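What follows is the content of upload_35.txt (compact mmCIF, C-alpha atoms).
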```txt
# COMPACT_ATOMS: atom_id res chain seq x y z
CA MET L 8 0.00 0.00 0.00
CA MET L 9 2.71 2.42 1.01
CA LYS L 10 4.57 1.67 -2.21
CA ASP L 11 1.54 2.69 -4.29
CA ILE L 12 1.22 5.92 -2.37
CA LEU L 13 4.92 6.62 -2.84
CA LYS L 14 4.66 5.87 -6.55
CA ARG L 15 1.77 8.29 -6.97
CA LEU L 16 3.62 10.90 -4.92
CA THR L 17 6.78 10.69 -7.01
CA GLU L 18 4.74 11.09 -10.18
CA LYS L 19 3.06 14.24 -8.88
CA PHE L 20 5.74 15.99 -6.84
CA PRO L 21 9.49 16.58 -7.25
CA ILE L 22 10.71 14.40 -4.36
CA SER L 23 14.47 14.62 -3.91
CA GLU L 24 14.98 12.00 -1.22
CA ILE L 25 13.06 9.03 0.22
CA GLU L 26 13.96 7.47 3.53
CA GLU L 27 12.16 4.34 4.69
CA GLN L 28 12.57 4.20 8.42
CA ARG L 29 10.10 1.37 9.00
CA ALA L 30 7.53 -0.36 6.84
CA ASN L 31 4.90 2.10 8.04
CA MET L 32 7.08 5.20 8.48
CA ILE L 33 8.48 6.97 5.46
CA PHE L 34 10.14 10.35 5.10
CA VAL L 35 10.20 12.29 1.85
CA THR L 36 12.12 15.48 1.16
CA MET L 37 10.77 18.05 -1.25
CA PRO L 38 11.16 21.73 -2.19
CA LYS L 39 9.45 24.44 -0.18
CA ILE L 40 6.97 25.46 -2.92
CA ASN L 41 5.50 21.97 -3.34
CA ALA L 42 5.24 21.01 0.32
CA VAL L 43 1.87 22.48 1.28
CA GLN L 44 0.35 21.29 -1.98
CA CYS L 45 1.63 17.78 -1.24
CA ILE L 46 0.31 17.85 2.34
CA SER L 47 -3.05 18.99 1.07
CA TYR L 48 -3.06 16.17 -1.51
CA LEU L 49 -2.16 13.58 1.13
CA LYS L 50 -4.93 14.82 3.40
CA GLN L 51 -7.65 14.92 0.79
CA PHE L 52 -6.88 11.99 -1.50
CA GLU L 53 -4.66 9.54 0.40
CA GLY L 54 -6.42 9.55 3.78
CA PHE L 55 -3.66 11.13 5.87
CA THR L 56 -6.19 13.05 7.92
CA HIS L 57 -4.23 13.42 11.16
CA LEU L 58 -1.44 15.94 11.71
CA VAL L 59 0.84 14.26 14.23
CA MET L 60 3.31 17.08 14.57
CA LEU L 61 5.26 19.86 12.97
CA ALA L 62 8.83 20.31 14.13
CA ALA L 63 11.98 22.12 13.08
CA VAL L 64 15.69 21.35 13.24
CA ASP L 65 18.38 23.99 12.93
CA TYR L 66 21.21 22.82 10.63
CA ILE L 67 23.38 25.86 11.15
CA GLU L 68 26.37 24.38 9.26
CA ASP L 69 24.25 24.05 6.09
CA GLY L 70 22.43 27.34 6.66
CA ILE L 71 18.98 25.75 6.67
CA PHE L 72 16.05 24.96 8.92
CA GLN L 73 14.49 21.57 8.27
CA LEU L 74 10.76 21.42 8.90
CA THR L 75 9.14 18.01 9.33
CA TYR L 76 5.41 17.53 8.94
CA ILE L 77 4.29 14.09 10.13
CA LEU L 78 0.88 12.88 8.95
CA HIS L 79 -0.96 9.74 9.98
CA ASN L 80 -3.38 7.54 8.08
CA TYR L 81 -5.90 5.86 10.38
CA GLU L 82 -7.00 3.20 7.91
CA LEU L 83 -3.54 1.98 6.92
CA HIS L 84 -1.88 2.83 10.27
CA THR L 85 1.00 4.44 8.46
CA ASP L 86 2.89 7.66 8.94
CA ILE L 87 4.48 9.83 6.34
CA GLY L 88 6.91 12.63 7.09
CA ILE L 89 7.38 15.53 4.71
CA ARG L 90 10.72 17.24 5.12
CA VAL L 91 11.21 20.75 3.84
CA GLN L 92 14.45 22.69 3.94
CA ILE L 93 14.13 26.44 4.18
CA ASP L 94 16.76 29.13 4.06
CA ARG L 95 18.06 30.17 7.46
CA LYS L 96 18.41 33.79 6.39
CA GLN L 97 14.81 34.09 5.19
CA PRO L 98 12.89 31.66 7.41
CA VAL L 99 9.41 32.00 5.94
CA MET L 100 7.07 29.09 5.27
CA GLU L 101 3.51 28.76 4.05
CA SER L 102 0.98 28.26 6.83
CA ILE L 103 -1.14 25.10 7.06
CA HIS L 104 -3.67 26.39 9.60
CA THR L 105 -6.30 26.23 6.84
CA LEU L 106 -5.86 22.44 6.67
CA TRP L 107 -5.64 21.77 10.42
CA ALA L 108 -6.68 24.56 12.79
CA GLN L 109 -4.41 23.16 15.52
CA ALA L 110 -1.36 23.82 13.34
CA ARG L 111 -1.47 27.40 14.55
CA THR L 112 -0.09 26.35 17.92
CA TYR L 113 2.86 24.59 16.32
CA GLN L 114 3.48 27.54 14.09
CA GLN L 115 3.27 30.00 16.97
CA GLU L 116 5.81 27.95 18.87
CA LEU L 117 8.15 27.67 15.87
CA LYS L 118 7.97 31.43 15.38
CA GLU L 119 8.95 31.97 18.97
CA MET L 120 11.59 29.27 19.38
CA PHE L 121 13.22 29.37 15.92
CA GLY L 122 12.01 32.62 14.41
CA ILE L 123 10.36 30.85 11.46
CA ASP L 124 7.55 33.01 10.16
CA PHE L 125 4.23 31.67 8.91
CA PRO L 126 2.41 34.67 7.41
CA GLY L 127 -1.34 34.56 7.91
CA SER L 128 -1.32 32.12 10.79
CA PRO L 129 -3.55 33.36 13.64
CA ASP L 130 -1.80 35.07 16.59
CA ILE L 131 1.59 34.33 15.07
CA ASP L 132 3.19 37.33 16.79
CA GLU L 133 1.64 36.78 20.22
CA PRO L 134 3.91 35.46 22.98
CA PHE L 135 3.41 31.74 23.51
CA LEU L 136 5.81 30.54 26.21
CA LEU L 137 8.39 33.30 26.38
CA GLU L 138 6.80 36.49 27.59
CA GLY L 139 8.79 39.54 26.62
CA TRP L 140 11.74 37.72 25.03
CA GLN L 141 14.27 40.21 23.69
CA ASN L 142 17.11 38.00 22.46
CA ILE L 143 17.47 35.86 19.32
CA PRO L 144 15.10 32.87 19.36
CA PRO L 145 16.46 30.48 21.99
CA MET L 146 16.28 27.21 20.04
CA ARG L 147 18.61 28.45 17.34
CA LYS L 148 22.02 26.83 17.49
CA ASP L 149 23.88 30.13 17.64
CA PHE L 150 22.13 31.07 20.88
CA ASP L 151 24.47 30.25 23.78
CA THR L 152 22.05 29.18 26.48
CA LEU L 153 24.68 28.56 29.20
CA LYS L 154 26.20 32.01 28.71
CA TYR L 155 22.77 33.62 28.76
CA SER L 156 21.84 31.74 31.93
CA GLN L 157 25.06 32.75 33.70
CA GLU L 158 24.62 36.38 32.76
CA THR L 159 20.96 36.57 33.71
CA PHE L 160 20.10 34.16 36.50
CA PHE L 161 22.65 34.67 39.35
CA PRO L 162 24.34 31.25 39.38
CA ARG L 163 25.15 29.99 42.86
CA PRO L 164 28.93 29.53 43.25
CA GLY L 165 30.33 26.11 44.11
CA ARG L 166 28.74 24.05 41.39
CA LYS L 167 30.88 21.09 40.27
CA HIS L 168 30.86 19.47 36.85
CA TYR L 169 31.92 15.92 36.00
CA ASP L 170 32.40 14.35 32.61
CA PRO L 171 29.90 11.47 32.87
CA GLN L 172 32.01 8.98 30.92
CA LYS L 173 35.18 9.64 32.90
CA TYR L 174 33.37 9.80 36.22
CA MET L 175 31.54 6.48 35.74
CA LYS L 176 34.76 4.80 34.62
CA GLU L 177 36.55 5.96 37.75
CA LYS L 178 33.69 4.82 39.96
CA LEU L 179 32.95 1.47 38.34
CA TYR L 180 36.32 0.32 36.97
CA PRO L 181 39.03 2.14 38.92
CA ASP L 182 41.73 -0.47 38.01
CA LYS L 183 41.12 -0.53 34.30
CA GLU L 184 43.46 1.51 32.11
CA PRO L 185 41.75 4.23 30.08
CA GLU L 186 41.53 3.33 26.42
CA MET O 21 -2.48 45.54 15.49
CA LYS O 22 0.09 44.18 17.89
CA LYS O 23 -0.87 44.36 21.54
CA ASP O 24 1.68 46.05 23.80
CA ASN O 25 2.12 43.62 26.67
CA ARG O 26 4.09 46.04 28.82
CA LEU O 27 1.05 48.22 29.51
CA LEU O 28 -0.96 47.76 32.67
CA PRO O 29 -4.58 46.70 32.22
CA ASN O 30 -5.70 50.00 33.80
CA GLN O 31 -3.52 52.11 31.50
CA ASP O 32 -6.24 53.67 29.36
CA MET O 33 -8.85 54.03 32.08
CA PRO O 34 -10.06 57.45 33.23
CA ASP O 35 -8.55 58.76 36.47
CA PHE O 36 -11.43 57.86 38.74
CA GLU O 37 -11.18 54.24 37.66
CA ARG O 38 -7.42 53.97 37.82
CA ASP O 39 -7.23 52.75 41.41
CA TYR O 40 -7.55 49.28 40.06
CA PHE O 41 -4.23 48.47 41.72
CA CYS O 42 -2.62 49.90 44.82
CA ASP O 43 0.83 51.31 44.11
CA ALA O 44 1.76 52.19 47.67
CA HIS O 45 5.10 51.00 49.06
CA PRO O 46 4.62 48.07 51.46
CA GLU O 47 5.46 48.50 55.15
CA THR O 48 7.16 46.23 57.65
CA VAL O 49 5.28 44.86 60.63
CA LYS O 50 7.40 44.71 63.77
CA PRO O 51 7.03 41.64 65.98
CA LEU O 52 5.34 42.26 69.31
CA LYS O 53 7.29 41.98 72.54
CA GLY O 54 7.60 39.18 75.06
CA PHE O 55 5.17 36.37 75.61
CA ILE O 56 2.49 37.80 73.29
CA GLU O 57 4.68 37.25 70.26
CA LYS O 58 5.67 33.82 71.58
CA PHE O 59 2.03 32.88 71.94
CA LEU O 60 1.22 34.23 68.46
CA ASN O 61 4.14 32.33 66.95
CA TRP O 62 2.98 29.13 68.64
CA ALA O 63 -0.48 29.68 67.19
CA ARG O 64 0.89 30.48 63.72
CA ALA O 65 3.12 27.43 63.68
CA ASN O 66 0.24 25.10 64.42
CA SER O 67 -2.07 26.44 61.76
CA LEU O 68 -0.27 26.49 58.42
CA TRP O 69 -2.35 27.03 55.31
CA ILE O 70 -0.50 26.02 52.16
CA LEU O 71 -1.24 27.87 48.95
CA GLY O 72 -2.45 25.40 46.36
CA PHE O 73 -0.29 26.72 43.55
CA GLY O 74 1.66 23.92 41.91
CA THR O 75 4.82 25.52 40.58
CA GLY O 76 7.08 23.01 38.85
CA CYS O 77 7.21 19.25 39.18
CA GLY O 78 7.36 19.24 43.00
CA ALA O 79 3.65 19.99 43.15
CA ILE O 80 2.99 16.31 42.50
CA GLU O 81 4.64 15.47 45.82
CA LEU O 82 2.18 17.64 47.70
CA ARG O 83 -0.82 15.50 46.73
CA PRO O 84 0.16 12.49 48.86
CA LEU O 85 0.52 14.84 51.83
CA MET O 86 -3.17 15.61 51.72
CA THR O 87 -4.31 11.99 51.73
CA ALA O 88 -4.39 9.32 54.42
CA ARG O 89 -0.91 7.92 53.98
CA PHE O 90 1.16 10.98 54.84
CA ASP O 91 -1.67 13.11 56.24
CA MET O 92 -0.40 16.61 56.90
CA PHE O 93 -3.63 17.55 58.67
CA ARG O 94 -2.32 15.95 61.87
CA TYR O 95 0.23 18.78 62.08
CA GLY O 96 -2.39 21.44 61.52
CA MET O 97 -1.54 22.03 57.85
CA ALA O 98 -4.12 22.30 55.13
CA PRO O 99 -4.22 23.42 51.50
CA ARG O 100 -6.04 26.59 50.52
CA PRO O 101 -6.87 27.65 46.97
CA THR O 102 -6.23 31.39 47.20
CA PRO O 103 -3.22 33.46 48.29
CA ARG O 104 -5.44 35.78 50.33
CA GLN O 105 -6.28 32.97 52.74
CA SER O 106 -3.00 31.07 52.96
CA CYS O 107 0.34 31.66 54.66
CA VAL O 108 2.79 29.05 53.34
CA PHE O 109 3.98 29.17 49.74
CA VAL O 110 5.61 25.93 48.59
CA ILE O 111 7.82 26.49 45.54
CA GLY O 112 7.80 23.05 43.97
CA GLY O 113 11.02 22.93 41.99
CA TYR O 114 12.06 24.77 38.85
CA ALA O 115 10.46 28.13 38.11
CA SER O 116 10.37 29.42 34.57
CA ILE O 117 10.16 33.15 33.89
CA LYS O 118 6.50 32.86 33.05
CA THR O 119 5.83 31.10 36.35
CA LEU O 120 8.09 33.47 38.29
CA LYS O 121 5.84 36.35 37.33
CA ARG O 122 2.87 34.49 38.87
CA ILE O 123 4.97 33.48 41.88
CA VAL O 124 5.86 37.09 42.64
CA ARG O 125 2.28 38.12 42.22
CA SER O 126 0.93 35.35 44.46
CA TYR O 127 3.63 35.85 47.08
CA GLU O 128 2.82 39.53 47.41
CA GLN O 129 -0.88 38.83 47.66
CA ILE O 130 -0.40 36.52 50.64
CA GLN O 131 -0.99 38.46 53.83
CA ALA O 132 1.80 38.56 56.40
CA PRO O 133 2.87 36.55 58.36
CA LYS O 134 3.89 34.47 55.34
CA PHE O 135 6.48 31.76 54.88
CA VAL O 136 8.15 30.20 51.87
CA LEU O 137 9.34 26.60 51.59
CA ALA O 138 11.44 25.80 48.52
CA LEU O 139 11.68 22.22 47.27
CA GLY O 140 14.35 20.53 45.24
CA SER O 141 17.74 21.40 43.86
CA CYS O 142 16.25 23.60 41.11
CA THR O 143 15.25 26.27 43.61
CA ILE O 144 18.67 26.17 45.27
CA ASN O 145 21.11 26.37 42.35
CA GLY O 146 19.15 25.62 39.21
CA GLY O 147 19.56 21.84 39.44
CA MET O 148 19.52 20.14 36.07
CA TYR O 149 18.15 23.32 34.48
CA PHE O 150 21.17 25.45 35.46
CA ASP O 151 21.94 26.26 31.80
CA SER O 152 18.38 26.78 30.64
CA TYR O 153 17.47 30.03 28.91
CA ASN O 154 14.10 30.17 30.63
CA THR O 155 14.53 28.80 34.16
CA ILE O 156 15.90 30.83 37.04
CA ASN O 157 18.76 29.45 39.12
CA ARG O 158 18.10 30.74 42.63
CA ILE O 159 14.64 31.49 43.88
CA ASP O 160 16.03 33.42 46.89
CA HIS O 161 17.04 36.29 44.62
CA TYR O 162 13.41 36.93 43.74
CA ILE O 163 11.43 36.07 46.86
CA PRO O 164 12.82 35.34 50.35
CA VAL O 165 12.94 31.67 51.38
CA ASP O 166 12.55 30.43 54.95
CA ALA O 167 13.52 26.79 54.49
CA TYR O 168 14.81 24.56 51.71
CA VAL O 169 14.18 20.86 51.19
CA THR O 170 16.89 19.16 49.15
CA GLY O 171 16.35 16.37 46.66
CA CYS O 172 15.17 15.93 43.12
CA MET O 173 12.31 15.54 43.92
CA PRO O 174 12.09 15.27 47.72
CA ARG O 175 9.82 12.49 48.97
CA PRO O 176 6.67 13.42 50.91
CA GLU O 177 8.46 12.46 54.14
CA ALA O 178 11.15 15.01 53.34
CA ILE O 179 8.54 17.68 52.70
CA ILE O 180 6.92 16.90 56.05
CA ALA O 181 10.35 17.21 57.68
CA GLY O 182 10.76 20.58 55.95
CA LEU O 183 7.38 21.78 57.14
CA ARG O 184 8.19 20.63 60.70
CA LYS O 185 11.46 22.58 60.48
CA LEU O 186 9.47 25.60 59.32
CA GLN O 187 7.17 25.22 62.34
CA GLU O 188 10.25 25.15 64.58
CA LEU O 189 11.59 28.33 62.98
CA ILE O 190 8.26 30.07 63.41
CA LYS O 191 8.12 29.10 67.10
CA GLN O 192 11.63 30.47 67.61
CA GLY O 193 10.59 33.72 65.93
CA LYS O 194 13.13 33.28 63.11
CA ALA O 195 10.69 33.22 60.19
CA GLU O 196 10.61 36.97 59.61
CA LYS O 197 11.34 36.87 55.89
CA ALA O 198 8.24 38.84 54.93
CA ASN O 199 9.80 41.87 56.66
CA GLU O 200 13.15 41.15 55.03
CA TYR O 201 11.47 41.27 51.65
CA ILE O 202 10.13 44.72 52.35
CA GLU O 203 13.43 45.99 53.81
CA ASN O 204 15.29 44.89 50.67
CA PHE O 205 12.38 45.70 48.39
CA GLU O 206 14.43 47.60 45.78
CA TRP O 207 16.98 44.79 45.47
CA TYR O 208 14.28 42.16 44.99
CA LYS O 209 12.42 44.33 42.49
CA ALA O 210 15.59 44.97 40.47
CA ASN O 211 16.26 41.23 40.30
CA GLN O 212 12.68 40.47 39.31
CA LYS O 213 12.63 43.12 36.63
CA LYS O 214 15.95 41.88 35.26
CA VAL O 215 14.32 38.62 34.17
CA ILE O 216 10.66 39.56 33.73
CA LYS O 217 11.02 41.72 30.64
CA ASP O 218 7.35 42.52 30.01
CA TRP O 219 6.60 43.88 33.46
CA ASN O 220 2.90 44.70 33.23
CA MET O 221 1.90 44.66 36.87
CA PRO O 222 2.20 47.23 39.64
CA ASP O 223 5.37 47.16 41.75
CA TYR O 224 3.54 45.68 44.69
CA ASN O 225 0.46 43.51 44.28
CA TRP O 226 -1.80 43.79 47.28
```
As C-alpha cells:
Amino acid sequence: MMKDILKRLTEKFPISEIEEQRANMIFVTMPKINAVQCISYLKQFEGFTHLVMLAAVDYIEDGIFQLTYILHNYELHTDIGIRVQIDRKQPVMESIHTLWAQARTYQQELKEMFGIDFPGSPDIDEPFLLEGWQNIPPMRKDFDTLKYSQETFFPRPGRKHYDPQKYMKEKLYPDKEPE
Amino acid sequence: MKKDNRLLPNQDMPDFERDYFCDAHPETVKPLKGFIEKFLNWARANSLWILGFGTGCGAIELRPLMTARFDMFRYGMAPRPTPRQSCVFVIGGYASIKTLKRIVRSYEQIQAPKFVLALGSCTINGGMYFDSYNTINRIDHYIPVDAYVTGCMPRPEAIIAGLRKLQELIKQGKAEKANEYIENFEWYKANQKKVIKDWNMPDYNW
C-alpha cells in the first residue's frame, strides 16, 4: 500500500529523497513550494487526515532549517513525514492552519523558538511561552544558552561538573586503564 | 495591530477608575514583645495554610501529603486555593520566567505573616536546568525563602520534615522573611525586573 502511495507521490511531486525508516514510516524530502500542496493532496486523496506534529531542526552548518510535517493515516496505520528545507536567512514558510486549525499552535511555537515566520497564521506574533523575550530565538544553534543563563540568572557559586564517561569509569572500573 | 504587553490593564482608564491596583510602598510589621509574640508564633506554627499553587514538578509530591498515607492535617496544615487565605507558599522545583511572574504576584498577595518553603535542587542552584534560557537558578534572589528541602524531587516524608522545620523556625521567631522582603524591596524588584522583561503589573500587588 505504502509503495503505491509513494509511486503516486513521485509522479506528482518533485521528491528529492526518500527514507524508509520502518515499513509504516516513510520520510520524503521536497522543495518548499510543493510542500503544502503535497500535504493537502495527502490529506484529501490519500487519507492522511491526522497531523501528528510539525517540528523544526536547525542545521546551522548548512544554513537551513528543516521542517518536518508528520501525517498519519488511520486506515492503513502508516505515517508519512514531509521534510522541507528552508533558508536560514529568510525563514518563511507557508501556513497550514487552513488544513488543520491546531497547526497554529505549532506555528506559533516555531515562530517563537526558531524565528520561522508563517504569514497569515492566527496570533503568530503573540507570545506563547516566552513572555517579553528580547534576544534571538532560543532554540537556534547560535544562541548560547549557558552564557545567557550565567549572565541573567545569578548562578550559585560552588557548582561542580563531572564528565559522565570519565566519572563512571573511575567509579565502576578504577583499576582498568583508560583506552 | 500588535498588543503592547508592557502596559498595565488599567492604562487607558479614566482617572477615577485607575485605582484598580494599589501602588503604595509596602510597610514592615514589627514583631510584638515578650510572651504575646511567643504565643502568636505558637499559634501560627500550628495552623499552616499552604497555597495550592503547583509551581514546577514538585507539586505532584504535595498531593500524597493531603491523603491518608502521609496526612499533613495531623500537624495542623491544610491546602487553601487562594493566596489571600493562605500563609505558606511551597515552591515546587524549577520556576520558569512565566511562572516566576505568577509566583511574585501570588507571594505579594499573601498576607503577612507568610512563609516560603522551597523544594528541590532547582530552587537552590538551578539543578539540572542550570543552563536553561528560561529557568531561574536561585529562587532566593526573587522572593525570600525560609527553608529549603533538598532532593530531586524530595519524597513526601522530606517535605513533612521541611514543614516541621518551618514550624520550629516560626516558634523560635526566626521566620521573619516577609519583613526582610520589604526591607530589601528595591533589590528584589531589580532582580525580578531583570528577568521579567514585560513587566505589566504594579510594583507591589496587594
* To do: Starting from chain O, keep only residues with some atom at most 7 Å from an atom of chain L, counting all atoms listed in the file, and report them as a count of residues only.
  => 11
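Going from atom CA of Ile12 of chain L to atom CA of His57 of chain L covers 16.4 Å.
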* **Neighbour list for Phe121 of chain L as a PyMOL selection string, cut-off 6 Å, only C-alpha atoms, skip fewer than 3 positions in-chain** => chain L and resi 117-118+144+146-147
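Atom CA of Phe20 of chain L to atom CA of Ile67 of chain L spans 27.1 Å [interatomic distance, one decimal].
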* To do: Please identify all polymer residues within 6 Å of segment 96-112 of chain O, counting only C-alpha atoms, omitting same-chain residues fewer than 4 positions from it, and present them as number ranges by chain.
  => O: 66-72, 75-76, 78-79, 92, 126, 129-130, 134-139
Grab the residues selected above and save them as a PDB file, in the frame of the given file with C-alpha atoms.
```pdb
ATOM      1  CA  ASN O  66       0.240  25.100  64.420  1.00  0.00           C
ATOM      2  CA  SER O  67      -2.070  26.440  61.760  1.00  0.00           C
ATOM      3  CA  LEU O  68      -0.270  26.490  58.420  1.00  0.00           C
ATOM      4  CA  TRP O  69      -2.350  27.030  55.310  1.00  0.00           C
ATOM      5  CA  ILE O  70      -0.500  26.020  52.160  1.00  0.00           C
ATOM      6  CA  LEU O  71      -1.240  27.870  48.950  1.00  0.00           C
ATOM      7  CA  GLY O  72      -2.450  25.400  46.360  1.00  0.00           C
ATOM      8  CA  THR O  75       4.820  25.520  40.580  1.00  0.00           C
ATOM      9  CA  GLY O  76       7.080  23.010  38.850  1.00  0.00           C
ATOM     10  CA  GLY O  78       7.360  19.240  43.000  1.00  0.00           C
ATOM     11  CA  ALA O  79       3.650  19.990  43.150  1.00  0.00           C
ATOM     12  CA  MET O  92      -0.400  16.610  56.900  1.00  0.00           C
ATOM     13  CA  SER O 126       0.930  35.350  44.460  1.00  0.00           C
ATOM     14  CA  GLN O 129      -0.880  38.830  47.660  1.00  0.00           C
ATOM     15  CA  ILE O 130      -0.400  36.520  50.640  1.00  0.00           C
ATOM     16  CA  LYS O 134       3.890  34.470  55.340  1.00  0.00           C
ATOM     17  CA  PHE O 135       6.480  31.760  54.880  1.00  0.00           C
ATOM     18  CA  VAL O 136       8.150  30.200  51.870  1.00  0.00           C
ATOM     19  CA  LEU O 137       9.340  26.600  51.590  1.00  0.00           C
ATOM     20  CA  ALA O 138      11.440  25.800  48.520  1.00  0.00           C
ATOM     21  CA  LEU O 139      11.680  22.220  47.270  1.00  0.00           C
TER      22      LEU O 139
END
```
When you write segment 147-168 of chain O out from the block above, keep N, CA and C atoms and present the result as a PDB file, in the first residue's frame, please.
```pdb
ATOM      1  N   GLY O 147      19.660  23.278  39.667  1.00  0.00           N
ATOM      2  CA  GLY O 147      19.558  21.842  39.436  1.00  0.00           C
ATOM      3  C   GLY O 147      19.965  21.451  38.033  1.00  0.00           C
ATOM      4  N   MET O 148      19.178  20.581  37.422  1.00  0.00           N
ATOM      5  CA  MET O 148      19.519  20.143  36.067  1.00  0.00           C
ATOM      6  C   MET O 148      19.176  21.202  35.024  1.00  0.00           C
ATOM      7  N   TYR O 149      18.492  22.257  35.426  1.00  0.00           N
ATOM      8  CA  TYR O 149      18.148  23.325  34.482  1.00  0.00           C
ATOM      9  C   TYR O 149      19.070  24.532  34.643  1.00  0.00           C
ATOM     10  N   PHE O 150      20.289  24.308  35.164  1.00  0.00           N
ATOM     11  CA  PHE O 150      21.169  25.445  35.456  1.00  0.00           C
ATOM     12  C   PHE O 150      21.541  26.218  34.204  1.00  0.00           C
ATOM     13  N   ASP O 151      21.539  25.551  33.021  1.00  0.00           N
ATOM     14  CA  ASP O 151      21.944  26.262  31.803  1.00  0.00           C
ATOM     15  C   ASP O 151      20.751  26.577  30.908  1.00  0.00           C
ATOM     16  N   SER O 152      19.554  26.527  31.462  1.00  0.00           N
ATOM     17  CA  SER O 152      18.377  26.784  30.639  1.00  0.00           C
ATOM     18  C   SER O 152      18.191  28.283  30.410  1.00  0.00           C
ATOM     19  N   TYR O 153      17.680  28.620  29.241  1.00  0.00           N
ATOM     20  CA  TYR O 153      17.466  30.028  28.914  1.00  0.00           C
ATOM     21  C   TYR O 153      16.243  30.589  29.624  1.00  0.00           C
ATOM     22  N   ASN O 154      15.418  29.721  30.186  1.00  0.00           N
ATOM     23  CA  ASN O 154      14.102  30.171  30.630  1.00  0.00           C
ATOM     24  C   ASN O 154      13.807  29.807  32.069  1.00  0.00           C
ATOM     25  N   THR O 155      14.783  29.261  32.791  1.00  0.00           N
ATOM     26  CA  THR O 155      14.533  28.803  34.156  1.00  0.00           C
ATOM     27  C   THR O 155      15.520  29.486  35.088  1.00  0.00           C
ATOM     28  N   ILE O 156      15.011  30.105  36.134  1.00  0.00           N
ATOM     29  CA  ILE O 156      15.898  30.828  37.041  1.00  0.00           C
ATOM     30  C   ILE O 156      16.733  29.853  37.854  1.00  0.00           C
ATOM     31  N   ASN O 157      17.881  30.340  38.366  1.00  0.00           N
ATOM     32  CA  ASN O 157      18.763  29.453  39.121  1.00  0.00           C
ATOM     33  C   ASN O 157      18.478  29.475  40.615  1.00  0.00           C
ATOM     34  N   ARG O 158      18.285  30.657  41.170  1.00  0.00           N
ATOM     35  CA  ARG O 158      18.102  30.739  42.627  1.00  0.00           C
ATOM     36  C   ARG O 158      16.837  31.501  42.915  1.00  0.00           C
ATOM     37  N   ILE O 159      15.904  30.834  43.582  1.00  0.00           N
ATOM     38  CA  ILE O 159      14.637  31.493  43.877  1.00  0.00           C
ATOM     39  C   ILE O 159      14.827  32.573  44.951  1.00  0.00           C
ATOM     40  N   ASP O 160      15.881  32.461  45.782  1.00  0.00           N
ATOM     41  CA  ASP O 160      16.027  33.421  46.889  1.00  0.00           C
ATOM     42  C   ASP O 160      16.487  34.795  46.426  1.00  0.00           C
ATOM     43  N   HIS O 161      16.762  34.951  45.128  1.00  0.00           N
ATOM     44  CA  HIS O 161      17.045  36.285  44.621  1.00  0.00           C
ATOM     45  C   HIS O 161      15.774  37.021  44.219  1.00  0.00           C
ATOM     46  N   TYR O 162      14.661  36.319  44.206  1.00  0.00           N
ATOM     47  CA  TYR O 162      13.415  36.928  43.738  1.00  0.00           C
ATOM     48  C   TYR O 162      12.369  37.028  44.838  1.00  0.00           C
ATOM     49  N   ILE O 163      12.263  35.971  45.653  1.00  0.00           N
ATOM     50  CA  ILE O 163      11.435  36.074  46.860  1.00  0.00           C
ATOM     51  C   ILE O 163      12.236  35.445  48.002  1.00  0.00           C
ATOM     52  N   PRO O 164      12.043  35.915  49.239  1.00  0.00           N
ATOM     53  CA  PRO O 164      12.816  35.344  50.351  1.00  0.00           C
ATOM     54  C   PRO O 164      12.337  33.938  50.692  1.00  0.00           C
ATOM     55  N   VAL O 165      13.275  33.068  51.088  1.00  0.00           N
ATOM     56  CA  VAL O 165      12.942  31.670  51.382  1.00  0.00           C
ATOM     57  C   VAL O 165      13.272  31.371  52.843  1.00  0.00           C
ATOM     58  N   ASP O 166      12.329  30.777  53.543  1.00  0.00           N
ATOM     59  CA  ASP O 166      12.546  30.429  54.949  1.00  0.00           C
ATOM     60  C   ASP O 166      13.285  29.109  55.093  1.00  0.00           C
ATOM     61  N   ALA O 167      12.875  28.095  54.343  1.00  0.00           N
ATOM     62  CA  ALA O 167      13.518  26.786  54.489  1.00  0.00           C
ATOM     63  C   ALA O 167      13.576  26.102  53.132  1.00  0.00           C
ATOM     64  N   TYR O 168      14.659  25.353  52.928  1.00  0.00           N
ATOM     65  CA  TYR O 168      14.810  24.563  51.707  1.00  0.00           C
ATOM     66  C   TYR O 168      14.659  23.085  52.042  1.00  0.00           C
TER      67      TYR O 168
END
```
